[in-house]
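Visitor: First, the structure itself, so that you have it in front of you.
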Amino acid sequence: MGFLCRSVLCLFCILASDFKILHAQKLEKLVIGYPAPVASLGLIDVTRKAGLFKKHGLDVDLVYIQGSPILTAAMMSGQVPLSFLGGAAIVASAVGGADTVYLGCAINTLYWRVFSSPEIKDVADLKGKRIGVTTIGSQEDSVVRYLLRERGLNPERDVTVVAVGSAPTRLAALSKGFVQASTFIPPQDIAAERLGLNVLIDMSKLGLYNPGSCFASTKTYVRNHRDTVMRVMKAFVEGLRFYRDNKEFALKVTADFAQNRNVDVLNSTYEIVTRYQDRVPYVNMQGIEFMLKTLEVRDPRAKTFDPANVVDSSFIRELEKTGFIDSVWKN
């Protein structure tokens with residue numbers, strides 16, 4: 001009897017082991033790109049490290065490709081099937097004829113801040129100065145040029161826009177005087193404030209919308225991998241709830257993701273990000289319309305482009321209609 005029990009137990013262990021191996025084999029490998037190690041995009045890493053992608057059968061690798069335009073180009077070429085990003089690059093590529101598309105956005109409010117050297121007190125003082133952006137053609141590049149035009153400066157003639165790189169690099173360049181202004185989001189905007197840099201424009205007070213912390217892909221990939229994309233979007237929705245409910249975990253992951261371990265900065269960042277995150281992550285069409293306005297000078301085709309052509313809300317709409325989103329946020 002003892003031998004039989006041991007045999008059954010042994011068989012059970014083998015079967016359990018085989019089940020785990022089989023389960024692991026069933027996970028679909030998926031690469032998701034992101035353009036900057038900033039806190040507003042940290043949700044993607046929190047979702048991954050919380051195991052929410054695996055919950056939906058996905059083994060996700062995050063790939064950092066600096067700058068939204070370069071990441072978008074990689075996605076268009078098929079190197080990266082999905083991206084987690086925001087802003088003008090996806091819209092600009094669609095205006096240019098690509099089949100890029102936004103699927104859902106966690107943040108739709110434009111809440112960036114433009115910081116300047118202490119001696120720059122007004123936008124007019126930027127005339128003849130250098131403004132740092134990630135890359136030419138990036139989201140902040142387009143938005144900054146739009147805001148300068150709105151305030152009477154010609155961004156092509158009155159200032160010099162310089163491609164500096166990531167937010168930490170731009171912050172260093174601004175603090176050392178290599179550039180006289182740049183745009184930041186958490187946590188670098190908080191760090192800029194603490195360095196005594198001047199808040200030149202607080203975009204959160206302008207009532208502007210912007211696609212931020214968004215999943216994007218191509219219509220071709222979505223059409224051929226609809227089940228995979230749906231599972232990504234389910235994890236996305238669950239990640240929003242998990243991020244809000246697990247502050248300590250989110251802060252720890254964000255510290256690594258954003259390469260910032262200042263507790264005060266991270267806490268302030270968390271409060272800002274959760275303040276602007278939407279529970280139902282639709283793409284706000286006003287944000288797409290604003291992006292098109294920022295692109296009009298560079299590409300006249302943006303004036304007649306239909307915003308609906310760069311948005312696929314079918315996944316979020318289905319998750320809302322079936323009650324999935326309500327079930328995530330209940331209690």
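Labels for the structure tokens follow display order: chains A, B, ..., residues from 1 in each chain, ligands from 1.
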Find the residues near region 30-45 of chain A: any atom within 7 Å, counting only C-alpha atoms, skip ones fewer than 2 places away on the same chain, and give them as a VMD selection string.
Guide: chain A and resid 28 47 to 49 58 to 68 71 80 to 85 166 186 to 187 213 239 243 253 to 254 257 to 258 269 273
Visitor: Grab the residues selected above and save them as a short mmCIF file (atom, residue, chain, number, x, y, z; two decimals), in the first residue's frame with C-alpha atoms.
Guide:
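Output file out16.cif is given in full below:
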```cif
data_model
loop_
_atom_site.label_atom_id
_atom_site.label_comp_id
_atom_site.auth_asym_id
_atom_site.auth_seq_id
_atom_site.Cartn_x
_atom_site.Cartn_y
_atom_site.Cartn_z
CA GLU A 28 3.18 33.40 -26.64
CA THR A 47 1.91 45.29 -15.79
CA ARG A 48 4.66 42.93 -16.95
CA LYS A 49 6.27 42.42 -13.55
CA LEU A 58 1.83 36.23 -23.12
CA ASP A 59 5.55 36.20 -22.41
CA VAL A 60 6.38 39.87 -22.98
CA ASP A 61 9.82 41.36 -23.57
CA LEU A 62 10.08 45.14 -23.34
CA VAL A 63 12.48 46.79 -25.78
CA TYR A 64 13.70 50.37 -25.36
CA ILE A 65 14.01 52.16 -28.72
CA GLN A 66 14.81 55.81 -28.04
CA GLY A 67 12.37 58.30 -29.48
CA SER A 68 8.83 57.77 -30.75
CA LEU A 71 10.15 53.26 -32.48
CA VAL A 80 8.27 45.51 -33.13
CA PRO A 81 4.61 44.43 -33.38
CA LEU A 82 3.28 46.63 -30.58
CA SER A 83 4.44 49.82 -28.91
CA PHE A 84 3.61 51.63 -25.69
CA LEU A 85 4.09 55.33 -26.33
CA SER A 166 16.25 61.13 -23.44
CA PRO A 186 7.41 62.98 -14.39
CA PRO A 187 9.83 62.30 -12.87
CA SER A 213 0.68 56.05 -22.34
CA GLY A 239 -2.60 46.95 -15.20
CA TYR A 243 -0.98 50.26 -10.66
CA VAL A 253 9.22 49.09 -10.54
CA THR A 254 9.11 52.73 -11.69
CA PHE A 257 12.22 51.77 -15.17
CA ALA A 258 12.74 55.55 -14.94
CA THR A 269 5.25 61.23 -9.89
CA VAL A 273 0.25 59.80 -13.13
#
```
Visitor: Taking only region 230-310 of chain A into account, list the residues labelled helix (DSSP H, G or I) by DSSP (computed from the backbone), as a ChimeraX atom specification.
Guide: /A:230-245,247-257,263-276,285-295,300-303,307-310
Visitor: What's around Ser327 (chain A) at 12 Å? Count only C-alpha atoms, leave out sequence neighbours fewer than 5 positions away in its own chain, and write the answer as a VMD selection string.
Guide: chain A and resid 234 237 to 238 241 279 to 280 319 to 322
Visitor: Take the residues just selected and output them with N, CA and C atoms as a PDB file, in the first residue's frame.
Guide:
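Produced file result_26.pdb, reproduced below:
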```pdb
ATOM      1  N   LYS A 234      -6.488  43.367 -22.473  1.00  0.00           N
ATOM      2  CA  LYS A 234      -7.019  42.912 -21.180  1.00  0.00           C
ATOM      3  C   LYS A 234      -5.995  43.143 -20.078  1.00  0.00           C
ATOM      4  N   VAL A 237      -5.829  46.907 -19.235  1.00  0.00           N
ATOM      5  CA  VAL A 237      -6.908  47.368 -18.355  1.00  0.00           C
ATOM      6  C   VAL A 237      -6.643  46.923 -16.921  1.00  0.00           C
ATOM      7  N   GLU A 238      -6.240  45.677 -16.746  1.00  0.00           N
ATOM      8  CA  GLU A 238      -5.946  45.174 -15.402  1.00  0.00           C
ATOM      9  C   GLU A 238      -4.736  45.876 -14.803  1.00  0.00           C
ATOM     10  N   ARG A 241      -5.665  49.138 -13.009  1.00  0.00           N
ATOM     11  CA  ARG A 241      -6.197  48.923 -11.662  1.00  0.00           C
ATOM     12  C   ARG A 241      -5.079  48.499 -10.705  1.00  0.00           C
ATOM     13  N   ARG A 279      -9.737  55.242 -16.308  1.00  0.00           N
ATOM     14  CA  ARG A 279     -10.094  53.853 -15.998  1.00  0.00           C
ATOM     15  C   ARG A 279     -10.490  53.083 -17.257  1.00  0.00           C
ATOM     16  N   VAL A 280     -11.192  53.746 -18.145  1.00  0.00           N
ATOM     17  CA  VAL A 280     -11.580  53.134 -19.420  1.00  0.00           C
ATOM     18  C   VAL A 280     -10.685  53.779 -20.480  1.00  0.00           C
ATOM     19  N   LEU A 319     -14.315  45.304 -24.678  1.00  0.00           N
ATOM     20  CA  LEU A 319     -14.069  45.014 -23.261  1.00  0.00           C
ATOM     21  C   LEU A 319     -15.044  45.764 -22.366  1.00  0.00           C
ATOM     22  N   GLU A 320     -15.472  46.923 -22.802  1.00  0.00           N
ATOM     23  CA  GLU A 320     -16.466  47.673 -22.041  1.00  0.00           C
ATOM     24  C   GLU A 320     -17.849  47.042 -22.209  1.00  0.00           C
ATOM     25  N   LYS A 321     -18.189  46.684 -23.437  1.00  0.00           N
ATOM     26  CA  LYS A 321     -19.515  46.117 -23.731  1.00  0.00           C
ATOM     27  C   LYS A 321     -19.735  44.776 -23.029  1.00  0.00           C
ATOM     28  N   THR A 322     -18.695  43.945 -22.967  1.00  0.00           N
ATOM     29  CA  THR A 322     -18.824  42.621 -22.348  1.00  0.00           C
ATOM     30  C   THR A 322     -18.766  42.657 -20.826  1.00  0.00           C
TER      31      THR A 322
END
```
Visitor: For Asp99 (chain A), which of A:Asp264, A:Glu289, A:Asp312, A:Glu318 is the closest residue, counting only C-alpha atoms?
Guide: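 Once distances to Asp99 (chain A) are computed over only C-alpha atoms, the minimum belongs to A:Asp312.
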Visitor: Hey, which of A:Lys176, A:Leu126, A:Leu52, A:Thr228 ends up closest to Gly152 (chain A)? Count only C-alpha atoms.
Guide: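 Distance minimum relative to Gly152 (chain A) lands on A:Leu126.
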Visitor: DSSP on the backbone: which residues in region 47-199 of chain A end up as strand (DSSP E)? Give the answer as a PyMOL selection string.
Guide: chain A and resi 58-64+82-85+100-109+113-116+130-133+160-163+181-184+198-199
Visitor: In terms of the shortest atom-to-atom distance over only C-alpha atoms, which of A:Ala98, A:Gly212, A:Ala163, A:Ser117 is closest to Thr135 (chain A)?
Guide: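 Of the candidates, the smallest distance to Thr135 (chain A) is held by A:Ala163.
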Visitor: Restricting the calculation to only C-alpha atoms: of A:Ala88, A:Ala191, A:Val328, A:Ala106, which residue gets closest to Thr294 (chain A)?
Guide: A:Ala88
Visitor: Skip Arg194 (chain A) itself and residues of its chain fewer than 2 positions away, then list as a PyMOL selection string all residues within 12 Å of it, counting only C-alpha atoms.
Guide: chain A and resi 115+171+175+187-192+196-199+262+264-265
